[in-house]
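Here's query-v4.cif, which has mmCIF, N, CA and C atoms:
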```
data_input
#
loop_
_atom_site.label_atom_id
_atom_site.label_comp_id
_atom_site.auth_asym_id
_atom_site.auth_seq_id
_atom_site.Cartn_x
_atom_site.Cartn_y
_atom_site.Cartn_z
N MET H 253 -15.60 -26.91 -35.84
CA MET H 253 -15.59 -25.46 -35.81
C MET H 253 -14.39 -25.00 -34.98
N PRO H 254 -13.55 -24.14 -35.53
CA PRO H 254 -12.38 -23.68 -34.77
C PRO H 254 -12.79 -22.76 -33.62
N ARG H 255 -11.94 -22.74 -32.63
CA ARG H 255 -12.20 -21.87 -31.48
C ARG H 255 -12.13 -20.42 -31.91
N GLN H 256 -13.05 -19.66 -31.42
CA GLN H 256 -13.06 -18.24 -31.75
C GLN H 256 -12.26 -17.46 -30.73
N ASN H 257 -11.62 -16.45 -31.22
CA ASN H 257 -10.89 -15.55 -30.35
C ASN H 257 -11.89 -14.64 -29.64
N ILE H 258 -11.59 -14.25 -28.46
CA ILE H 258 -12.50 -13.40 -27.70
C ILE H 258 -12.73 -12.06 -28.40
N HIS H 259 -11.76 -11.61 -29.17
CA HIS H 259 -11.88 -10.34 -29.86
C HIS H 259 -12.74 -10.44 -31.11
N ASP H 260 -13.02 -11.67 -31.57
CA ASP H 260 -13.84 -11.87 -32.77
C ASP H 260 -15.33 -11.90 -32.44
N LEU H 261 -15.69 -12.08 -31.17
CA LEU H 261 -17.09 -12.18 -30.80
C LEU H 261 -17.71 -10.79 -30.65
N PRO H 262 -18.99 -10.66 -30.99
CA PRO H 262 -19.64 -9.37 -30.75
C PRO H 262 -19.79 -9.13 -29.26
N ASP H 263 -19.93 -7.88 -28.90
CA ASP H 263 -20.02 -7.52 -27.48
C ASP H 263 -21.20 -8.16 -26.78
N ASP H 264 -22.28 -8.41 -27.51
CA ASP H 264 -23.47 -9.00 -26.89
C ASP H 264 -23.19 -10.40 -26.37
N GLU H 265 -22.33 -11.14 -27.02
CA GLU H 265 -22.03 -12.50 -26.58
C GLU H 265 -20.96 -12.54 -25.49
N LEU H 266 -20.21 -11.46 -25.34
CA LEU H 266 -19.16 -11.43 -24.31
C LEU H 266 -19.73 -11.20 -22.92
N TYR H 267 -20.69 -10.31 -22.84
CA TYR H 267 -21.19 -9.89 -21.53
C TYR H 267 -22.63 -10.35 -21.37
N ASP H 268 -22.88 -10.99 -20.28
CA ASP H 268 -24.23 -11.44 -19.97
C ASP H 268 -24.82 -10.47 -18.96
N ASP H 269 -25.50 -9.45 -19.45
CA ASP H 269 -26.05 -8.42 -18.59
C ASP H 269 -27.42 -8.77 -18.04
N ASP H 270 -27.93 -9.94 -18.39
CA ASP H 270 -29.25 -10.33 -17.92
C ASP H 270 -29.25 -10.67 -16.43
N ARG H 271 -28.12 -11.17 -15.93
CA ARG H 271 -28.04 -11.54 -14.52
C ARG H 271 -27.74 -10.31 -13.67
N PRO H 272 -28.50 -10.09 -12.64
CA PRO H 272 -28.13 -8.98 -11.74
C PRO H 272 -26.91 -9.38 -10.90
N ARG H 273 -26.03 -8.45 -10.75
CA ARG H 273 -24.82 -8.73 -9.96
C ARG H 273 -25.08 -8.43 -8.50
N LYS H 274 -24.54 -9.28 -7.68
CA LYS H 274 -24.69 -9.09 -6.25
C LYS H 274 -23.57 -8.19 -5.75
N LYS H 275 -23.95 -7.24 -4.93
CA LYS H 275 -22.96 -6.37 -4.32
C LYS H 275 -22.54 -6.97 -2.99
N LYS H 276 -21.25 -7.05 -2.81
CA LYS H 276 -20.73 -7.61 -1.57
C LYS H 276 -20.67 -6.51 -0.52
N LYS H 277 -21.23 -6.81 0.61
CA LYS H 277 -21.19 -5.86 1.71
C LYS H 277 -20.38 -6.46 2.84
N LYS H 278 -19.65 -5.61 3.48
CA LYS H 278 -18.88 -6.05 4.63
C LYS H 278 -19.75 -5.88 5.87
N TRP H 279 -20.03 -6.98 6.51
CA TRP H 279 -20.81 -6.93 7.73
C TRP H 279 -19.88 -7.08 8.92
N ARG H 280 -19.99 -6.16 9.83
CA ARG H 280 -19.20 -6.24 11.05
C ARG H 280 -20.12 -6.25 12.24
N ASP H 281 -19.73 -6.99 13.20
CA ASP H 281 -20.48 -7.01 14.44
C ASP H 281 -20.16 -5.73 15.21
N PRO H 282 -21.16 -4.94 15.64
CA PRO H 282 -20.87 -3.69 16.34
C PRO H 282 -20.08 -3.88 17.62
N VAL H 283 -20.26 -5.01 18.28
CA VAL H 283 -19.50 -5.25 19.51
C VAL H 283 -18.02 -5.43 19.19
N ASP H 284 -17.73 -6.18 18.11
CA ASP H 284 -16.33 -6.39 17.74
C ASP H 284 -15.67 -5.09 17.33
N VAL H 285 -16.38 -4.23 16.61
CA VAL H 285 -15.82 -2.95 16.18
C VAL H 285 -15.49 -2.09 17.39
N ALA H 286 -16.37 -2.05 18.37
CA ALA H 286 -16.11 -1.26 19.57
C ALA H 286 -14.92 -1.82 20.33
N GLY H 287 -14.81 -3.14 20.42
CA GLY H 287 -13.67 -3.75 21.11
C GLY H 287 -12.37 -3.49 20.38
N ASP H 288 -12.42 -3.53 19.04
CA ASP H 288 -11.22 -3.25 18.24
C ASP H 288 -10.76 -1.81 18.46
N LYS H 289 -11.71 -0.89 18.47
CA LYS H 289 -11.35 0.52 18.66
C LYS H 289 -10.78 0.75 20.05
N ALA H 290 -11.33 0.07 21.05
CA ALA H 290 -10.82 0.25 22.41
C ALA H 290 -9.37 -0.19 22.51
N ALA H 291 -9.03 -1.31 21.86
CA ALA H 291 -7.64 -1.78 21.88
C ALA H 291 -6.74 -0.79 21.15
N SER H 292 -7.19 -0.26 20.01
CA SER H 292 -6.38 0.70 19.26
C SER H 292 -6.20 1.99 20.05
N TYR H 293 -7.28 2.45 20.70
CA TYR H 293 -7.17 3.67 21.48
C TYR H 293 -6.23 3.49 22.67
N GLY H 294 -6.30 2.33 23.31
CA GLY H 294 -5.40 2.07 24.45
C GLY H 294 -3.94 2.08 24.03
N ILE H 295 -3.64 1.40 22.93
CA ILE H 295 -2.26 1.40 22.44
C ILE H 295 -1.86 2.78 21.97
N GLY H 296 -2.81 3.53 21.38
CA GLY H 296 -2.53 4.90 20.95
C GLY H 296 -2.16 5.81 22.11
N VAL H 297 -2.86 5.67 23.23
CA VAL H 297 -2.55 6.49 24.42
C VAL H 297 -1.15 6.15 24.93
N VAL H 298 -0.83 4.87 24.99
CA VAL H 298 0.50 4.46 25.46
C VAL H 298 1.59 5.02 24.53
N MET H 299 1.36 4.95 23.22
CA MET H 299 2.35 5.46 22.28
C MET H 299 2.51 6.97 22.41
N LEU H 300 1.41 7.68 22.59
CA LEU H 300 1.51 9.12 22.80
C LEU H 300 2.31 9.46 24.05
N LEU H 301 2.06 8.76 25.14
CA LEU H 301 2.78 9.03 26.39
C LEU H 301 4.27 8.72 26.25
N ILE H 302 4.61 7.62 25.59
CA ILE H 302 6.02 7.29 25.39
C ILE H 302 6.68 8.33 24.49
N GLY H 303 5.99 8.75 23.43
CA GLY H 303 6.54 9.77 22.54
C GLY H 303 6.77 11.10 23.25
N ILE H 304 5.83 11.49 24.10
CA ILE H 304 6.01 12.73 24.87
C ILE H 304 7.18 12.58 25.83
N ALA H 305 7.31 11.42 26.45
CA ALA H 305 8.44 11.18 27.35
C ALA H 305 9.76 11.25 26.59
N PHE H 306 9.82 10.73 25.38
CA PHE H 306 11.04 10.82 24.57
C PHE H 306 11.38 12.27 24.29
N TRP H 307 10.38 13.07 23.91
CA TRP H 307 10.67 14.48 23.58
C TRP H 307 11.03 15.28 24.83
N VAL H 308 10.42 14.97 25.96
CA VAL H 308 10.81 15.63 27.21
C VAL H 308 12.24 15.25 27.56
N GLY H 309 12.58 13.98 27.38
CA GLY H 309 13.96 13.56 27.62
C GLY H 309 14.94 14.23 26.68
N PHE H 310 14.54 14.42 25.43
CA PHE H 310 15.40 15.13 24.47
C PHE H 310 15.59 16.59 24.89
N TYR H 311 14.52 17.21 25.37
CA TYR H 311 14.59 18.62 25.74
C TYR H 311 15.47 18.84 26.98
N PHE H 312 15.38 17.94 27.96
CA PHE H 312 16.11 18.14 29.20
C PHE H 312 17.49 17.50 29.23
N THR H 313 17.85 16.74 28.22
CA THR H 313 19.17 16.13 28.17
C THR H 313 20.16 17.16 27.63
N THR H 314 21.18 17.45 28.41
CA THR H 314 22.15 18.46 27.96
C THR H 314 23.40 17.83 27.39
N THR H 315 23.90 16.78 27.99
CA THR H 315 25.08 16.10 27.45
C THR H 315 24.79 14.61 27.37
N ALA H 316 24.97 14.08 26.19
CA ALA H 316 24.76 12.65 25.96
C ALA H 316 25.35 12.31 24.60
N PRO H 317 25.57 11.04 24.32
CA PRO H 317 26.03 10.67 22.97
C PRO H 317 25.00 11.09 21.91
N SER H 318 25.48 11.37 20.72
CA SER H 318 24.57 11.84 19.67
C SER H 318 23.53 10.80 19.30
N LYS H 319 23.86 9.52 19.46
CA LYS H 319 22.87 8.48 19.16
C LYS H 319 21.65 8.59 20.07
N LEU H 320 21.88 9.00 21.32
CA LEU H 320 20.76 9.16 22.24
C LEU H 320 19.87 10.31 21.81
N PHE H 321 20.48 11.42 21.37
CA PHE H 321 19.69 12.54 20.88
C PHE H 321 18.85 12.12 19.67
N ASN H 322 19.45 11.37 18.75
CA ASN H 322 18.72 10.90 17.58
C ASN H 322 17.57 9.98 17.97
N LEU H 323 17.83 9.07 18.90
CA LEU H 323 16.80 8.14 19.36
C LEU H 323 15.64 8.88 20.00
N LEU H 324 15.95 9.84 20.85
CA LEU H 324 14.90 10.57 21.55
C LEU H 324 14.06 11.41 20.59
N ALA H 325 14.69 12.10 19.66
CA ALA H 325 13.94 12.96 18.74
C ALA H 325 13.15 12.16 17.72
N ALA H 326 13.83 11.25 17.01
CA ALA H 326 13.15 10.48 15.97
C ALA H 326 12.16 9.48 16.57
N GLY H 327 12.54 8.85 17.66
CA GLY H 327 11.63 7.90 18.31
C GLY H 327 10.40 8.60 18.87
N GLY H 328 10.59 9.79 19.42
CA GLY H 328 9.44 10.56 19.92
C GLY H 328 8.50 10.94 18.80
N ALA H 329 9.05 11.38 17.67
CA ALA H 329 8.20 11.75 16.53
C ALA H 329 7.42 10.54 16.03
N ALA H 330 8.09 9.40 15.92
CA ALA H 330 7.42 8.20 15.42
C ALA H 330 6.33 7.74 16.38
N MET H 331 6.61 7.76 17.67
CA MET H 331 5.62 7.30 18.65
C MET H 331 4.41 8.23 18.69
N ILE H 332 4.64 9.54 18.66
CA ILE H 332 3.51 10.48 18.71
C ILE H 332 2.66 10.36 17.46
N LEU H 333 3.28 10.29 16.29
CA LEU H 333 2.49 10.16 15.06
C LEU H 333 1.77 8.81 14.98
N SER H 334 2.39 7.76 15.49
CA SER H 334 1.71 6.46 15.51
C SER H 334 0.49 6.50 16.42
N GLY H 335 0.64 7.14 17.57
CA GLY H 335 -0.49 7.27 18.49
C GLY H 335 -1.62 8.09 17.89
N ILE H 336 -1.27 9.18 17.21
CA ILE H 336 -2.29 10.01 16.55
C ILE H 336 -2.98 9.20 15.45
N GLY H 337 -2.21 8.43 14.70
CA GLY H 337 -2.79 7.59 13.65
C GLY H 337 -3.78 6.58 14.19
N LEU H 338 -3.50 6.03 15.37
CA LEU H 338 -4.44 5.07 15.96
C LEU H 338 -5.73 5.74 16.42
N PHE H 339 -5.68 7.05 16.69
CA PHE H 339 -6.91 7.77 17.01
C PHE H 339 -7.68 8.14 15.75
N ILE H 340 -6.97 8.50 14.68
CA ILE H 340 -7.63 8.90 13.43
C ILE H 340 -8.27 7.70 12.75
N HIS H 341 -7.50 6.62 12.61
CA HIS H 341 -8.01 5.42 11.90
C HIS H 341 -7.61 4.19 12.70
N PRO H 342 -8.44 3.79 13.69
CA PRO H 342 -8.09 2.62 14.51
C PRO H 342 -8.02 1.35 13.67
N LEU H 343 -7.08 0.49 14.03
CA LEU H 343 -6.94 -0.79 13.34
C LEU H 343 -7.97 -1.79 13.87
N ASN H 344 -8.46 -2.66 12.97
CA ASN H 344 -9.36 -3.70 13.45
C ASN H 344 -8.54 -4.82 14.08
N ASP H 345 -9.22 -5.81 14.59
CA ASP H 345 -8.55 -6.86 15.36
C ASP H 345 -7.56 -7.65 14.51
N ALA H 346 -7.94 -8.00 13.28
CA ALA H 346 -7.05 -8.78 12.42
C ALA H 346 -5.80 -7.99 12.06
N GLU H 347 -5.97 -6.71 11.73
CA GLU H 347 -4.81 -5.87 11.40
C GLU H 347 -3.90 -5.66 12.61
N MET H 348 -4.50 -5.49 13.77
CA MET H 348 -3.71 -5.28 14.99
C MET H 348 -2.90 -6.54 15.32
N LYS H 349 -3.51 -7.72 15.20
CA LYS H 349 -2.77 -8.96 15.48
C LYS H 349 -1.64 -9.17 14.47
N GLU H 350 -1.92 -8.86 13.20
CA GLU H 350 -0.88 -9.01 12.18
C GLU H 350 0.26 -8.04 12.43
N PHE H 351 -0.06 -6.83 12.82
CA PHE H 351 0.95 -5.82 13.09
C PHE H 351 1.83 -6.21 14.28
N GLN H 352 1.22 -6.80 15.29
CA GLN H 352 1.96 -7.16 16.50
C GLN H 352 2.74 -8.47 16.37
N ASN H 353 2.25 -9.42 15.58
CA ASN H 353 2.82 -10.76 15.58
C ASN H 353 3.65 -11.12 14.36
N ASN H 354 3.49 -10.42 13.25
CA ASN H 354 4.21 -10.78 12.03
C ASN H 354 5.54 -10.04 11.98
N PRO H 355 6.67 -10.76 11.92
CA PRO H 355 7.96 -10.09 11.90
C PRO H 355 8.34 -9.53 10.53
N ASN H 356 7.59 -9.86 9.48
CA ASN H 356 7.91 -9.40 8.14
C ASN H 356 7.22 -8.06 7.86
N PRO H 357 7.97 -6.94 7.79
CA PRO H 357 7.33 -5.64 7.60
C PRO H 357 6.65 -5.49 6.24
N ILE H 358 7.14 -6.18 5.22
CA ILE H 358 6.52 -6.09 3.90
C ILE H 358 5.14 -6.74 3.91
N ALA H 359 5.01 -7.87 4.58
CA ALA H 359 3.71 -8.54 4.68
C ALA H 359 2.72 -7.68 5.47
N VAL H 360 3.20 -7.05 6.52
CA VAL H 360 2.33 -6.18 7.31
C VAL H 360 1.91 -4.97 6.48
N PHE H 361 2.84 -4.37 5.75
CA PHE H 361 2.53 -3.21 4.92
C PHE H 361 1.51 -3.57 3.84
N ARG H 362 1.58 -4.79 3.34
CA ARG H 362 0.67 -5.24 2.28
C ARG H 362 -0.78 -5.32 2.75
N ILE H 363 -1.02 -5.72 4.01
CA ILE H 363 -2.40 -5.88 4.47
C ILE H 363 -2.98 -4.61 5.08
N MET H 364 -2.16 -3.59 5.32
CA MET H 364 -2.66 -2.38 5.93
C MET H 364 -3.57 -1.60 4.98
N PRO H 365 -4.55 -0.87 5.54
CA PRO H 365 -5.39 -0.03 4.69
C PRO H 365 -4.57 1.11 4.07
N VAL H 366 -5.14 1.77 3.09
CA VAL H 366 -4.43 2.84 2.37
C VAL H 366 -4.02 3.96 3.33
N PHE H 367 -4.88 4.30 4.28
CA PHE H 367 -4.54 5.36 5.24
C PHE H 367 -3.23 5.03 5.95
N TRP H 368 -3.09 3.79 6.41
CA TRP H 368 -1.90 3.43 7.16
C TRP H 368 -0.66 3.34 6.28
N LYS H 369 -0.83 3.00 5.01
CA LYS H 369 0.32 3.00 4.10
C LYS H 369 0.85 4.42 3.95
N VAL H 370 -0.04 5.37 3.77
CA VAL H 370 0.37 6.78 3.65
C VAL H 370 0.90 7.28 4.98
N TRP H 371 0.22 6.94 6.08
CA TRP H 371 0.62 7.42 7.40
C TRP H 371 2.01 6.89 7.80
N LEU H 372 2.32 5.65 7.45
CA LEU H 372 3.64 5.11 7.76
C LEU H 372 4.73 5.85 6.98
N LEU H 373 4.42 6.28 5.76
CA LEU H 373 5.38 7.09 5.00
C LEU H 373 5.54 8.48 5.63
N VAL H 374 4.45 9.04 6.17
CA VAL H 374 4.54 10.32 6.88
C VAL H 374 5.41 10.16 8.13
N ILE H 375 5.24 9.06 8.84
CA ILE H 375 6.05 8.80 10.03
C ILE H 375 7.52 8.69 9.66
N LEU H 376 7.82 7.99 8.58
CA LEU H 376 9.21 7.87 8.11
C LEU H 376 9.79 9.24 7.78
N ALA H 377 9.02 10.08 7.10
CA ALA H 377 9.49 11.43 6.77
C ALA H 377 9.73 12.25 8.04
N ALA H 378 8.86 12.10 9.03
CA ALA H 378 9.04 12.83 10.30
C ALA H 378 10.29 12.36 11.03
N MET H 379 10.58 11.07 10.98
CA MET H 379 11.80 10.56 11.62
C MET H 379 13.05 11.11 10.95
N ILE H 380 13.04 11.15 9.62
CA ILE H 380 14.18 11.71 8.89
C ILE H 380 14.34 13.19 9.22
N ALA H 381 13.21 13.91 9.30
CA ALA H 381 13.26 15.33 9.65
C ALA H 381 13.79 15.51 11.07
N ALA H 382 13.44 14.63 11.98
CA ALA H 382 13.95 14.73 13.35
C ALA H 382 15.45 14.49 13.39
N PHE H 383 15.93 13.52 12.60
CA PHE H 383 17.38 13.31 12.51
C PHE H 383 18.08 14.56 11.99
N ALA H 384 17.51 15.18 10.96
CA ALA H 384 18.11 16.40 10.41
C ALA H 384 18.06 17.53 11.43
N PHE H 385 16.96 17.64 12.16
CA PHE H 385 16.85 18.67 13.20
C PHE H 385 17.90 18.48 14.28
N VAL H 386 18.07 17.23 14.72
CA VAL H 386 19.07 16.95 15.75
C VAL H 386 20.47 17.27 15.24
N ALA H 387 20.74 16.96 13.99
CA ALA H 387 22.07 17.24 13.42
C ALA H 387 22.35 18.74 13.36
N MET H 388 21.30 19.55 13.19
CA MET H 388 21.51 20.99 13.08
C MET H 388 21.58 21.68 14.44
N VAL H 389 20.87 21.20 15.44
CA VAL H 389 20.79 21.93 16.70
C VAL H 389 21.71 21.41 17.80
N THR H 390 22.20 20.20 17.72
CA THR H 390 23.06 19.70 18.78
C THR H 390 24.49 20.16 18.55
N VAL H 391 25.14 20.48 19.64
CA VAL H 391 26.54 20.91 19.59
C VAL H 391 27.39 19.73 19.97
N ARG H 392 28.32 19.39 19.12
CA ARG H 392 29.20 18.26 19.40
C ARG H 392 30.42 18.76 20.15
N VAL H 393 30.66 18.11 21.25
CA VAL H 393 31.78 18.49 22.10
C VAL H 393 32.84 17.40 22.00
N GLY H 394 34.07 17.79 21.70
CA GLY H 394 35.17 16.82 21.62
C GLY H 394 35.56 16.34 23.00
N ARG H 395 36.11 15.15 23.05
CA ARG H 395 36.50 14.57 24.34
C ARG H 395 37.88 14.98 24.71
#
```

Mind converting the file's structure to structure tokens?
Amino acid sequence: MPRQNIHDLPDDELYDDDRPRKKKKKWRDPVDVAGDKAASYGIGVVMLLIGIAFWVGFYFTTTAPSKLFNLLAAGGAAMILSGIGLFIHPLNDAEMKEFQNNPNPIAVFRIMPVFWKVWLLVILAAMIAAFAFVAMVTVRVGR
């Protein structure tokens, strides 16, 4: 008997609906979740403080190379938004370790949840906007 193509079989023979399917549930230990959130919140606070310090430095710096203005504005925006993101959607322990230890940004981006993929794009847009803002408001003085 020749092999039958899957498209030649009736639907009843393709699907075995008699077996109940098991739903996979993600079980997390409540202690681990609380510890993961505490680490994310701690790093989020540090990032917020550094971002605020960058913006304060940008505001009070009157004369400096333009690269410093760009670093302070764009870096401050990135740090503040990263800190806010860690408060909105804290990373679990595995994601946090991968983010801190993996030097390949594509691999890190691949394992991040959907929120963080979108949030990282928002951070990138904010950094570009900060560069544009700095280019419009800073006065370049010739030497």

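Distances to Ser292 (chain H) were evaluated for H:Leu338, H:Ala325, H:Ala346, H:Val389 using all atoms listed in the file, and the minimum falls at H:Leu338.
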
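Here CA of Ile340 (chain H) stands at a distance of 27.2 Å from CA of Tyr311 (chain H).
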
For this session: Write out as a ChimeraX atom specification each polymer residue whose atoms come within 12 Å of Gly335 (chain H), counting only C-alpha atoms; drop sequence neighbours fewer than 6 positions from it.
Result: /H:292-304,328-329,341-343,371-372,375

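The smallest atom-to-atom distance between Gly327 (chain H) and any of H:Val366, H:Pro357, H:Asn344, H:Phe306, using only N, CA and C atoms, is found for H:Phe306.
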
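Across the structure, atom C of Ala378 (chain H) and CA of Ala305 (chain H) are spaced 16.5 Å apart.
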
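The coordinates place atom N of Phe361 (chain H) at 11.9 Å from atom N of Lys349 (chain H).
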
Problem set entry | Nearest-residue call for Leu333 (chain H), choices H:Leu320, H:Val308, H:Val374, H:Ile358, using all atoms listed in the file | H:Val374

For this session: Write out as a list in words which residues come within 9 Å of Glu350 (chain H) when counting only C-alpha atoms, dropping same-chain ones fewer than 4 positions away.
Result: Asp345, Ala346, Asn354, Pro355, Ala359, Val360 and Ile363 of chain H

Output of the above residues as an mmCIF file, in the frame of the given file, restricted to N, CA and C atoms:
```
data_model
loop_
_atom_site.group_PDB
_atom_site.id
_atom_site.type_symbol
_atom_site.label_atom_id
_atom_site.label_comp_id
_atom_site.auth_asym_id
_atom_site.auth_seq_id
_atom_site.Cartn_x
_atom_site.Cartn_y
_atom_site.Cartn_z
ATOM 1 N N ASP H 345 -9.220 -5.810 14.590
ATOM 2 C CA ASP H 345 -8.550 -6.860 15.360
ATOM 3 C C ASP H 345 -7.560 -7.650 14.510
ATOM 4 N N ALA H 346 -7.940 -8.000 13.280
ATOM 5 C CA ALA H 346 -7.050 -8.780 12.420
ATOM 6 C C ALA H 346 -5.800 -7.990 12.060
ATOM 7 N N ASN H 354 3.490 -10.420 13.250
ATOM 8 C CA ASN H 354 4.210 -10.780 12.030
ATOM 9 C C ASN H 354 5.540 -10.040 11.980
ATOM 10 N N PRO H 355 6.670 -10.760 11.920
ATOM 11 C CA PRO H 355 7.960 -10.090 11.900
ATOM 12 C C PRO H 355 8.340 -9.530 10.530
ATOM 13 N N ALA H 359 5.010 -7.870 4.580
ATOM 14 C CA ALA H 359 3.710 -8.540 4.680
ATOM 15 C C ALA H 359 2.720 -7.680 5.470
ATOM 16 N N VAL H 360 3.200 -7.050 6.520
ATOM 17 C CA VAL H 360 2.330 -6.180 7.310
ATOM 18 C C VAL H 360 1.910 -4.970 6.480
ATOM 19 N N ILE H 363 -1.020 -5.720 4.010
ATOM 20 C CA ILE H 363 -2.400 -5.880 4.470
ATOM 21 C C ILE H 363 -2.980 -4.610 5.080
#
```
